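Raw contents of coords35.cif, mmCIF, N, CA and C atoms:
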```cif
data_protein
#
loop_
_atom_site.group_PDB
_atom_site.id
_atom_site.type_symbol
_atom_site.label_atom_id
_atom_site.label_comp_id
_atom_site.auth_asym_id
_atom_site.auth_seq_id
_atom_site.Cartn_x
_atom_site.Cartn_y
_atom_site.Cartn_z
ATOM 1 N N MET A 1 166.295 225.277 -74.527
ATOM 2 C CA MET A 1 166.745 224.149 -75.332
ATOM 3 C C MET A 1 167.852 223.410 -74.559
ATOM 4 N N TYR A 2 167.730 222.098 -74.454
ATOM 5 C CA TYR A 2 168.722 221.271 -73.784
ATOM 6 C C TYR A 2 169.900 221.015 -74.708
ATOM 7 N N ILE A 3 171.028 220.621 -74.123
ATOM 8 C CA ILE A 3 172.217 220.334 -74.926
ATOM 9 C C ILE A 3 171.925 219.220 -75.934
ATOM 10 N N ASP A 4 171.106 218.210 -75.541
ATOM 11 C CA ASP A 4 170.759 217.140 -76.464
ATOM 12 C C ASP A 4 169.951 217.689 -77.642
ATOM 13 N N ASP A 5 169.062 218.637 -77.371
ATOM 14 C CA ASP A 5 168.288 219.264 -78.437
ATOM 15 C C ASP A 5 169.201 220.058 -79.362
ATOM 16 N N GLU A 6 170.196 220.703 -78.790
ATOM 17 C CA GLU A 6 171.149 221.470 -79.594
ATOM 18 C C GLU A 6 171.980 220.529 -80.462
ATOM 19 N N TYR A 7 172.430 219.415 -79.883
ATOM 20 C CA TYR A 7 173.217 218.446 -80.631
ATOM 21 C C TYR A 7 172.382 217.840 -81.754
ATOM 22 N N ARG A 8 171.130 217.498 -81.439
ATOM 23 C CA ARG A 8 170.218 216.924 -82.436
ATOM 24 C C ARG A 8 170.013 217.909 -83.595
ATOM 25 N N ALA A 9 169.766 219.174 -83.262
ATOM 26 C CA ALA A 9 169.548 220.196 -84.283
ATOM 27 C C ALA A 9 170.798 220.387 -85.140
ATOM 28 N N ALA A 10 171.968 220.363 -84.511
ATOM 29 C CA ALA A 10 173.226 220.524 -85.248
ATOM 30 C C ALA A 10 173.471 219.335 -86.169
ATOM 31 N N LEU A 11 173.193 218.127 -85.693
ATOM 32 C CA LEU A 11 173.375 216.929 -86.510
ATOM 33 C C LEU A 11 172.435 216.953 -87.710
ATOM 34 N N LYS A 12 171.185 217.309 -87.475
ATOM 35 C CA LYS A 12 170.211 217.377 -88.569
ATOM 36 C C LYS A 12 170.629 218.433 -89.592
ATOM 37 N N ALA A 13 171.061 219.597 -89.127
ATOM 38 C CA ALA A 13 171.506 220.656 -90.038
ATOM 39 C C ALA A 13 172.715 220.196 -90.852
ATOM 40 N N GLU A 14 173.641 219.499 -90.204
ATOM 41 C CA GLU A 14 174.828 218.987 -90.907
ATOM 42 C C GLU A 14 174.422 218.019 -92.015
ATOM 43 N N LEU A 15 173.557 217.046 -91.686
ATOM 44 C CA LEU A 15 173.162 216.044 -92.670
ATOM 45 C C LEU A 15 172.345 216.651 -93.807
ATOM 46 N N LEU A 16 171.458 217.573 -93.486
ATOM 47 C CA LEU A 16 170.677 218.233 -94.536
ATOM 48 C C LEU A 16 171.573 219.064 -95.447
ATOM 49 N N GLY A 17 172.580 219.717 -94.867
ATOM 50 C CA GLY A 17 173.535 220.479 -95.672
ATOM 51 C C GLY A 17 174.333 219.581 -96.604
ATOM 52 N N LEU A 18 174.727 218.418 -96.100
ATOM 53 C CA LEU A 18 175.448 217.464 -96.936
ATOM 54 C C LEU A 18 174.558 216.967 -98.077
ATOM 55 N N LYS A 19 173.279 216.690 -97.764
ATOM 56 C CA LYS A 19 172.359 216.235 -98.799
ATOM 57 C C LYS A 19 172.207 217.295 -99.889
ATOM 58 N N GLU A 20 172.109 218.558 -99.495
ATOM 59 C CA GLU A 20 171.993 219.644 -100.475
ATOM 60 C C GLU A 20 173.208 219.700 -101.395
ATOM 61 N N ASN A 21 174.338 219.197 -100.910
ATOM 62 C CA ASN A 21 175.561 219.171 -101.710
ATOM 63 C C ASN A 21 175.748 217.839 -102.437
ATOM 64 N N GLY A 22 174.682 217.036 -102.504
ATOM 65 C CA GLY A 22 174.713 215.817 -103.303
ATOM 66 C C GLY A 22 175.163 214.566 -102.591
ATOM 67 N N VAL A 23 175.339 214.613 -101.281
ATOM 68 C CA VAL A 23 175.772 213.437 -100.525
ATOM 69 C C VAL A 23 174.560 212.558 -100.236
ATOM 70 N N SER A 24 174.709 211.243 -100.438
ATOM 71 C CA SER A 24 173.654 210.296 -100.076
ATOM 72 C C SER A 24 174.079 209.554 -98.815
ATOM 73 N N PHE A 25 173.113 208.883 -98.182
ATOM 74 C CA PHE A 25 173.356 208.234 -96.904
ATOM 75 C C PHE A 25 172.810 206.815 -96.907
ATOM 76 N N SER A 26 173.492 205.935 -96.175
ATOM 77 C CA SER A 26 172.950 204.605 -95.938
ATOM 78 C C SER A 26 173.236 204.226 -94.487
ATOM 79 N N LEU A 27 172.359 203.402 -93.962
ATOM 80 C CA LEU A 27 172.458 202.951 -92.573
ATOM 81 C C LEU A 27 172.431 201.437 -92.593
ATOM 82 N N ASP A 28 173.524 200.826 -92.165
ATOM 83 C CA ASP A 28 173.657 199.364 -92.197
ATOM 84 C C ASP A 28 173.289 198.801 -93.565
ATOM 85 N N GLY A 29 173.726 199.481 -94.634
ATOM 86 C CA GLY A 29 173.551 198.997 -95.987
ATOM 87 C C GLY A 29 172.269 199.416 -96.684
ATOM 88 N N LYS A 30 171.354 200.096 -95.988
ATOM 89 C CA LYS A 30 170.093 200.524 -96.594
ATOM 90 C C LYS A 30 170.120 202.030 -96.825
ATOM 91 N N ILE A 31 169.703 202.462 -98.023
ATOM 92 C CA ILE A 31 169.650 203.884 -98.363
ATOM 93 C C ILE A 31 168.626 204.567 -97.459
ATOM 94 N N VAL A 32 169.014 205.700 -96.863
ATOM 95 C CA VAL A 32 168.135 206.454 -95.970
ATOM 96 C C VAL A 32 168.220 207.937 -96.306
ATOM 97 N N GLU A 33 167.214 208.667 -95.886
ATOM 98 C CA GLU A 33 167.174 210.114 -96.028
ATOM 99 C C GLU A 33 167.556 210.747 -94.692
ATOM 100 N N PRO A 34 168.174 211.925 -94.712
ATOM 101 C CA PRO A 34 168.566 212.587 -93.455
ATOM 102 C C PRO A 34 167.374 213.276 -92.796
ATOM 103 N N GLU A 35 166.415 212.471 -92.348
ATOM 104 C CA GLU A 35 165.212 212.983 -91.708
ATOM 105 C C GLU A 35 165.206 212.586 -90.242
ATOM 106 N N ASP A 36 164.144 212.938 -89.557
ATOM 107 C CA ASP A 36 164.061 212.696 -88.122
ATOM 108 C C ASP A 36 164.250 211.235 -87.731
ATOM 109 N N CYS A 37 163.749 210.283 -88.538
ATOM 110 C CA CYS A 37 163.901 208.874 -88.170
ATOM 111 C C CYS A 37 165.377 208.459 -88.172
ATOM 112 N N LEU A 38 166.174 208.973 -89.106
ATOM 113 C CA LEU A 38 167.611 208.680 -89.107
ATOM 114 C C LEU A 38 168.270 209.312 -87.891
ATOM 115 N N ILE A 39 167.939 210.550 -87.599
ATOM 116 C CA ILE A 39 168.510 211.238 -86.439
ATOM 117 C C ILE A 39 168.169 210.463 -85.173
ATOM 118 N N ASP A 40 166.919 210.007 -85.053
ATOM 119 C CA ASP A 40 166.504 209.219 -83.886
ATOM 120 C C ASP A 40 167.351 207.969 -83.741
ATOM 121 N N MET A 41 167.567 207.268 -84.840
ATOM 122 C CA MET A 41 168.366 206.037 -84.780
ATOM 123 C C MET A 41 169.813 206.331 -84.386
ATOM 124 N N LEU A 42 170.372 207.390 -84.941
ATOM 125 C CA LEU A 42 171.768 207.714 -84.638
ATOM 126 C C LEU A 42 171.957 208.112 -83.181
ATOM 127 N N LEU A 43 170.921 208.652 -82.560
ATOM 128 C CA LEU A 43 171.038 209.148 -81.187
ATOM 129 C C LEU A 43 170.388 208.259 -80.135
ATOM 130 N N ALA A 44 169.573 207.281 -80.533
ATOM 131 C CA ALA A 44 168.738 206.544 -79.590
ATOM 132 C C ALA A 44 169.485 205.514 -78.741
ATOM 133 N N ASP A 45 170.255 204.645 -79.359
ATOM 134 C CA ASP A 45 170.867 203.535 -78.626
ATOM 135 C C ASP A 45 172.004 204.005 -77.749
ATOM 136 N N SER A 46 171.928 203.623 -76.471
ATOM 137 C CA SER A 46 172.999 204.000 -75.552
ATOM 138 C C SER A 46 174.102 202.943 -75.509
ATOM 139 N N ASP A 47 173.814 201.732 -76.005
ATOM 140 C CA ASP A 47 174.818 200.670 -75.978
ATOM 141 C C ASP A 47 175.538 200.513 -77.314
ATOM 142 N N CYS A 48 175.310 201.467 -78.220
ATOM 143 C CA CYS A 48 176.006 201.423 -79.507
ATOM 144 C C CYS A 48 176.211 202.843 -80.016
ATOM 145 N N THR A 49 177.002 202.926 -81.057
ATOM 146 C CA THR A 49 177.200 204.188 -81.758
ATOM 147 C C THR A 49 177.259 203.864 -83.244
ATOM 148 N N TYR A 50 177.276 204.868 -84.064
ATOM 149 C CA TYR A 50 177.345 204.654 -85.504
ATOM 150 C C TYR A 50 178.610 205.295 -86.050
ATOM 151 N N MET A 51 179.417 204.471 -86.712
ATOM 152 C CA MET A 51 180.658 204.926 -87.325
ATOM 153 C C MET A 51 180.354 205.393 -88.745
ATOM 154 N N ARG A 52 180.931 206.500 -89.123
ATOM 155 C CA ARG A 52 180.756 207.018 -90.478
ATOM 156 C C ARG A 52 181.862 206.505 -91.384
ATOM 157 N N ASN A 53 181.471 205.974 -92.517
ATOM 158 C CA ASN A 53 182.403 205.604 -93.567
ATOM 159 C C ASN A 53 182.108 206.504 -94.755
ATOM 160 N N TYR A 54 183.102 207.274 -95.157
ATOM 161 C CA TYR A 54 182.929 208.245 -96.238
ATOM 162 C C TYR A 54 183.372 207.641 -97.561
ATOM 163 N N GLN A 55 182.582 207.860 -98.604
ATOM 164 C CA GLN A 55 182.962 207.467 -99.957
ATOM 165 C C GLN A 55 183.208 208.737 -100.759
ATOM 166 N N PHE A 56 184.316 208.746 -101.485
ATOM 167 C CA PHE A 56 184.728 209.924 -102.253
ATOM 168 C C PHE A 56 184.747 209.617 -103.741
ATOM 169 N N GLU A 57 184.474 210.632 -104.518
ATOM 170 C CA GLU A 57 184.681 210.599 -105.972
ATOM 171 C C GLU A 57 185.292 211.933 -106.354
ATOM 172 N N GLY A 58 186.427 211.883 -107.005
ATOM 173 C CA GLY A 58 187.092 213.112 -107.427
ATOM 174 C C GLY A 58 187.420 214.047 -106.274
ATOM 175 N N GLY A 59 187.729 213.484 -105.116
ATOM 176 C CA GLY A 59 188.080 214.291 -103.951
ATOM 177 C C GLY A 59 186.895 214.887 -103.211
ATOM 178 N N LYS A 60 185.680 214.502 -103.610
ATOM 179 C CA LYS A 60 184.471 215.046 -102.992
ATOM 180 C C LYS A 60 183.688 213.907 -102.315
ATOM 181 N N VAL A 61 183.146 214.174 -101.121
ATOM 182 C CA VAL A 61 182.313 213.189 -100.440
ATOM 183 C C VAL A 61 181.018 213.021 -101.222
ATOM 184 N N VAL A 62 180.675 211.767 -101.575
ATOM 185 C CA VAL A 62 179.444 211.508 -102.321
ATOM 186 C C VAL A 62 178.468 210.634 -101.534
ATOM 187 N N LYS A 63 178.977 209.914 -100.525
ATOM 188 C CA LYS A 63 178.112 209.032 -99.747
ATOM 189 C C LYS A 63 178.705 208.834 -98.358
ATOM 190 N N ILE A 64 177.808 208.744 -97.373
ATOM 191 C CA ILE A 64 178.219 208.404 -96.016
ATOM 192 C C ILE A 64 177.429 207.175 -95.590
ATOM 193 N N GLU A 65 178.147 206.137 -95.208
ATOM 194 C CA GLU A 65 177.557 204.899 -94.704
ATOM 195 C C GLU A 65 177.690 204.919 -93.188
ATOM 196 N N PHE A 66 176.565 204.777 -92.495
ATOM 197 C CA PHE A 66 176.573 204.684 -91.036
ATOM 198 C C PHE A 66 176.524 203.209 -90.669
ATOM 199 N N ASP A 67 177.566 202.732 -89.966
ATOM 200 C CA ASP A 67 177.642 201.336 -89.529
ATOM 201 C C ASP A 67 177.518 201.293 -88.013
ATOM 202 N N LYS A 68 176.602 200.434 -87.539
ATOM 203 C CA LYS A 68 176.371 200.291 -86.105
ATOM 204 C C LYS A 68 177.550 199.570 -85.457
ATOM 205 N N VAL A 69 178.031 200.155 -84.364
ATOM 206 C CA VAL A 69 179.142 199.573 -83.617
ATOM 207 C C VAL A 69 178.695 199.408 -82.173
ATOM 208 N N SER A 70 178.760 198.170 -81.671
ATOM 209 C CA SER A 70 178.378 197.902 -80.299
ATOM 210 C C SER A 70 179.471 198.393 -79.361
ATOM 211 N N LEU A 71 179.086 199.172 -78.360
ATOM 212 C CA LEU A 71 180.059 199.666 -77.400
ATOM 213 C C LEU A 71 180.511 198.568 -76.449
ATOM 214 N N LYS A 72 179.751 197.487 -76.370
ATOM 215 C CA LYS A 72 180.120 196.349 -75.528
ATOM 216 C C LYS A 72 181.336 195.632 -76.089
ATOM 217 N N ASP A 73 181.551 195.734 -77.409
ATOM 218 C CA ASP A 73 182.663 195.043 -78.070
ATOM 219 C C ASP A 73 183.966 195.827 -78.013
ATOM 220 N N ILE A 74 183.894 197.059 -77.519
ATOM 221 C CA ILE A 74 185.090 197.904 -77.517
ATOM 222 C C ILE A 74 185.836 197.742 -76.216
#
```

As structure tokens:
Amino acid sequence: MYIDDEYRAALKAELLGLKENGVSFSLDGKIVEPEDCLIDMLLADSDCTYMRNYQFEGGKVVKIEFDKVSLKDI
């Protein structure tokens, strides 16, 4: 297993664990499921990254919004 495969597996496990705890996800404003297509998008672009914005209710994370950030703008 390559380091990228390990990172991908860890990211997927993290997101699936969060979903099991009631956390929902959105990507650029659209509701998404923590499946392979989301993982692919989060890892695919080399000229951008995705910033996580956490939403809380009662001190608990209930939603994570992934916003695309261009690395060219940094």

Note to self: Just checking: using only N, CA and C atoms, which residue out of A:Lys12, A:Thr49, A:Asp36, A:Asn21 ends up closest to Ser70 in chain A?
What the structure shows: A:Thr49

Note to self: Can you translate the PyMOL selection byres ((chain A and resi 60-67) around 8) into the concrete residues it hits in this file, as a PyMOL selection string?
What the structure shows: chain A and resi 21-30+49-59+68-70

Note to self: What's the separation between atom C of Asp4 in chain A and atom C of Glu20 in chain A, in Å to one decimal place?
What the structure shows: 24.1 Å

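Listed by chain and then by rising number, the residues of chain A that DSSP assigns to strand (DSSP E) from the backbone are Ser24, Phe25, Ser26, Leu27, Lys30, Ile31, Val32, Cys48, Thr49, Tyr50, Met51, Arg52, Asn53, Tyr54, Gln55, Phe56, Glu57, Lys60, Val61, Val62, Lys63, Ile64, Glu65, Phe66, Asp67, Lys68, Val69 and Ser70 of chain A.
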
Could you please take those selected residues and save N, CA and C atoms as a PDB file, keeping the file's coordinate frame?
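The resulting selection28.pdb:
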```pdb
ATOM      1  N   SER A  24     174.709 211.243-100.438  1.00  0.00           N
ATOM      2  CA  SER A  24     173.654 210.296-100.076  1.00  0.00           C
ATOM      3  C   SER A  24     174.079 209.554 -98.815  1.00  0.00           C
ATOM      4  N   PHE A  25     173.113 208.883 -98.182  1.00  0.00           N
ATOM      5  CA  PHE A  25     173.356 208.234 -96.904  1.00  0.00           C
ATOM      6  C   PHE A  25     172.810 206.815 -96.907  1.00  0.00           C
ATOM      7  N   SER A  26     173.492 205.935 -96.175  1.00  0.00           N
ATOM      8  CA  SER A  26     172.950 204.605 -95.938  1.00  0.00           C
ATOM      9  C   SER A  26     173.236 204.226 -94.487  1.00  0.00           C
ATOM     10  N   LEU A  27     172.359 203.402 -93.962  1.00  0.00           N
ATOM     11  CA  LEU A  27     172.458 202.951 -92.573  1.00  0.00           C
ATOM     12  C   LEU A  27     172.431 201.437 -92.593  1.00  0.00           C
ATOM     13  N   LYS A  30     171.354 200.096 -95.988  1.00  0.00           N
ATOM     14  CA  LYS A  30     170.093 200.524 -96.594  1.00  0.00           C
ATOM     15  C   LYS A  30     170.120 202.030 -96.825  1.00  0.00           C
ATOM     16  N   ILE A  31     169.703 202.462 -98.023  1.00  0.00           N
ATOM     17  CA  ILE A  31     169.650 203.884 -98.363  1.00  0.00           C
ATOM     18  C   ILE A  31     168.626 204.567 -97.459  1.00  0.00           C
ATOM     19  N   VAL A  32     169.014 205.700 -96.863  1.00  0.00           N
ATOM     20  CA  VAL A  32     168.135 206.454 -95.970  1.00  0.00           C
ATOM     21  C   VAL A  32     168.220 207.937 -96.306  1.00  0.00           C
ATOM     22  N   CYS A  48     175.310 201.467 -78.220  1.00  0.00           N
ATOM     23  CA  CYS A  48     176.006 201.423 -79.507  1.00  0.00           C
ATOM     24  C   CYS A  48     176.211 202.843 -80.016  1.00  0.00           C
ATOM     25  N   THR A  49     177.002 202.926 -81.057  1.00  0.00           N
ATOM     26  CA  THR A  49     177.200 204.188 -81.758  1.00  0.00           C
ATOM     27  C   THR A  49     177.259 203.864 -83.244  1.00  0.00           C
ATOM     28  N   TYR A  50     177.276 204.868 -84.064  1.00  0.00           N
ATOM     29  CA  TYR A  50     177.345 204.654 -85.504  1.00  0.00           C
ATOM     30  C   TYR A  50     178.610 205.295 -86.050  1.00  0.00           C
ATOM     31  N   MET A  51     179.417 204.471 -86.712  1.00  0.00           N
ATOM     32  CA  MET A  51     180.658 204.926 -87.325  1.00  0.00           C
ATOM     33  C   MET A  51     180.354 205.393 -88.745  1.00  0.00           C
ATOM     34  N   ARG A  52     180.931 206.500 -89.123  1.00  0.00           N
ATOM     35  CA  ARG A  52     180.756 207.018 -90.478  1.00  0.00           C
ATOM     36  C   ARG A  52     181.862 206.505 -91.384  1.00  0.00           C
ATOM     37  N   ASN A  53     181.471 205.974 -92.517  1.00  0.00           N
ATOM     38  CA  ASN A  53     182.403 205.604 -93.567  1.00  0.00           C
ATOM     39  C   ASN A  53     182.108 206.504 -94.755  1.00  0.00           C
ATOM     40  N   TYR A  54     183.102 207.274 -95.157  1.00  0.00           N
ATOM     41  CA  TYR A  54     182.929 208.245 -96.238  1.00  0.00           C
ATOM     42  C   TYR A  54     183.372 207.641 -97.561  1.00  0.00           C
ATOM     43  N   GLN A  55     182.582 207.860 -98.604  1.00  0.00           N
ATOM     44  CA  GLN A  55     182.962 207.467 -99.957  1.00  0.00           C
ATOM     45  C   GLN A  55     183.208 208.737-100.759  1.00  0.00           C
ATOM     46  N   PHE A  56     184.316 208.746-101.485  1.00  0.00           N
ATOM     47  CA  PHE A  56     184.728 209.924-102.253  1.00  0.00           C
ATOM     48  C   PHE A  56     184.747 209.617-103.741  1.00  0.00           C
ATOM     49  N   GLU A  57     184.474 210.632-104.518  1.00  0.00           N
ATOM     50  CA  GLU A  57     184.681 210.599-105.972  1.00  0.00           C
ATOM     51  C   GLU A  57     185.292 211.933-106.354  1.00  0.00           C
ATOM     52  N   LYS A  60     185.680 214.502-103.610  1.00  0.00           N
ATOM     53  CA  LYS A  60     184.471 215.046-102.992  1.00  0.00           C
ATOM     54  C   LYS A  60     183.688 213.907-102.315  1.00  0.00           C
ATOM     55  N   VAL A  61     183.146 214.174-101.121  1.00  0.00           N
ATOM     56  CA  VAL A  61     182.313 213.189-100.440  1.00  0.00           C
ATOM     57  C   VAL A  61     181.018 213.021-101.222  1.00  0.00           C
ATOM     58  N   VAL A  62     180.675 211.767-101.575  1.00  0.00           N
ATOM     59  CA  VAL A  62     179.444 211.508-102.321  1.00  0.00           C
ATOM     60  C   VAL A  62     178.468 210.634-101.534  1.00  0.00           C
ATOM     61  N   LYS A  63     178.977 209.914-100.525  1.00  0.00           N
ATOM     62  CA  LYS A  63     178.112 209.032 -99.747  1.00  0.00           C
ATOM     63  C   LYS A  63     178.705 208.834 -98.358  1.00  0.00           C
ATOM     64  N   ILE A  64     177.808 208.744 -97.373  1.00  0.00           N
ATOM     65  CA  ILE A  64     178.219 208.404 -96.016  1.00  0.00           C
ATOM     66  C   ILE A  64     177.429 207.175 -95.590  1.00  0.00           C
ATOM     67  N   GLU A  65     178.147 206.137 -95.208  1.00  0.00           N
ATOM     68  CA  GLU A  65     177.557 204.899 -94.704  1.00  0.00           C
ATOM     69  C   GLU A  65     177.690 204.919 -93.188  1.00  0.00           C
ATOM     70  N   PHE A  66     176.565 204.777 -92.495  1.00  0.00           N
ATOM     71  CA  PHE A  66     176.573 204.684 -91.036  1.00  0.00           C
ATOM     72  C   PHE A  66     176.524 203.209 -90.669  1.00  0.00           C
ATOM     73  N   ASP A  67     177.566 202.732 -89.966  1.00  0.00           N
ATOM     74  CA  ASP A  67     177.642 201.336 -89.529  1.00  0.00           C
ATOM     75  C   ASP A  67     177.518 201.293 -88.013  1.00  0.00           C
ATOM     76  N   LYS A  68     176.602 200.434 -87.539  1.00  0.00           N
ATOM     77  CA  LYS A  68     176.371 200.291 -86.105  1.00  0.00           C
ATOM     78  C   LYS A  68     177.550 199.570 -85.457  1.00  0.00           C
ATOM     79  N   VAL A  69     178.031 200.155 -84.364  1.00  0.00           N
ATOM     80  CA  VAL A  69     179.142 199.573 -83.617  1.00  0.00           C
ATOM     81  C   VAL A  69     178.695 199.408 -82.173  1.00  0.00           C
ATOM     82  N   SER A  70     178.760 198.170 -81.671  1.00  0.00           N
ATOM     83  CA  SER A  70     178.378 197.902 -80.299  1.00  0.00           C
ATOM     84  C   SER A  70     179.471 198.393 -79.361  1.00  0.00           C
TER      85      SER A  70
END
```

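Going from atom C of Glu35 in chain A to atom N of Glu6 in chain A covers 14.9 Å.
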
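Pairwise distance (CA of Pro34 in chain A, CA of Asp5 in chain A) equals 16.4 Å.
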
Margin query: Write out as an MDAnalysis selection string the set of residues from chain A that DSSP, computed on the backbone, places in alpha helix (DSSP H).
Written below: chainID A and resid 3:20 36:44

Using 4 Å of padding on each side, determine the axis-aligned box around all atoms of range 60-67 of chain A present in the file and give its centre and edge lengths in Å to one decimal, as JSON.
```
{"center_x": 181.1, "center_y": 208.2, "center_z": -95.8, "size_x": 17.2, "size_y": 21.8, "size_z": 23.6}
```
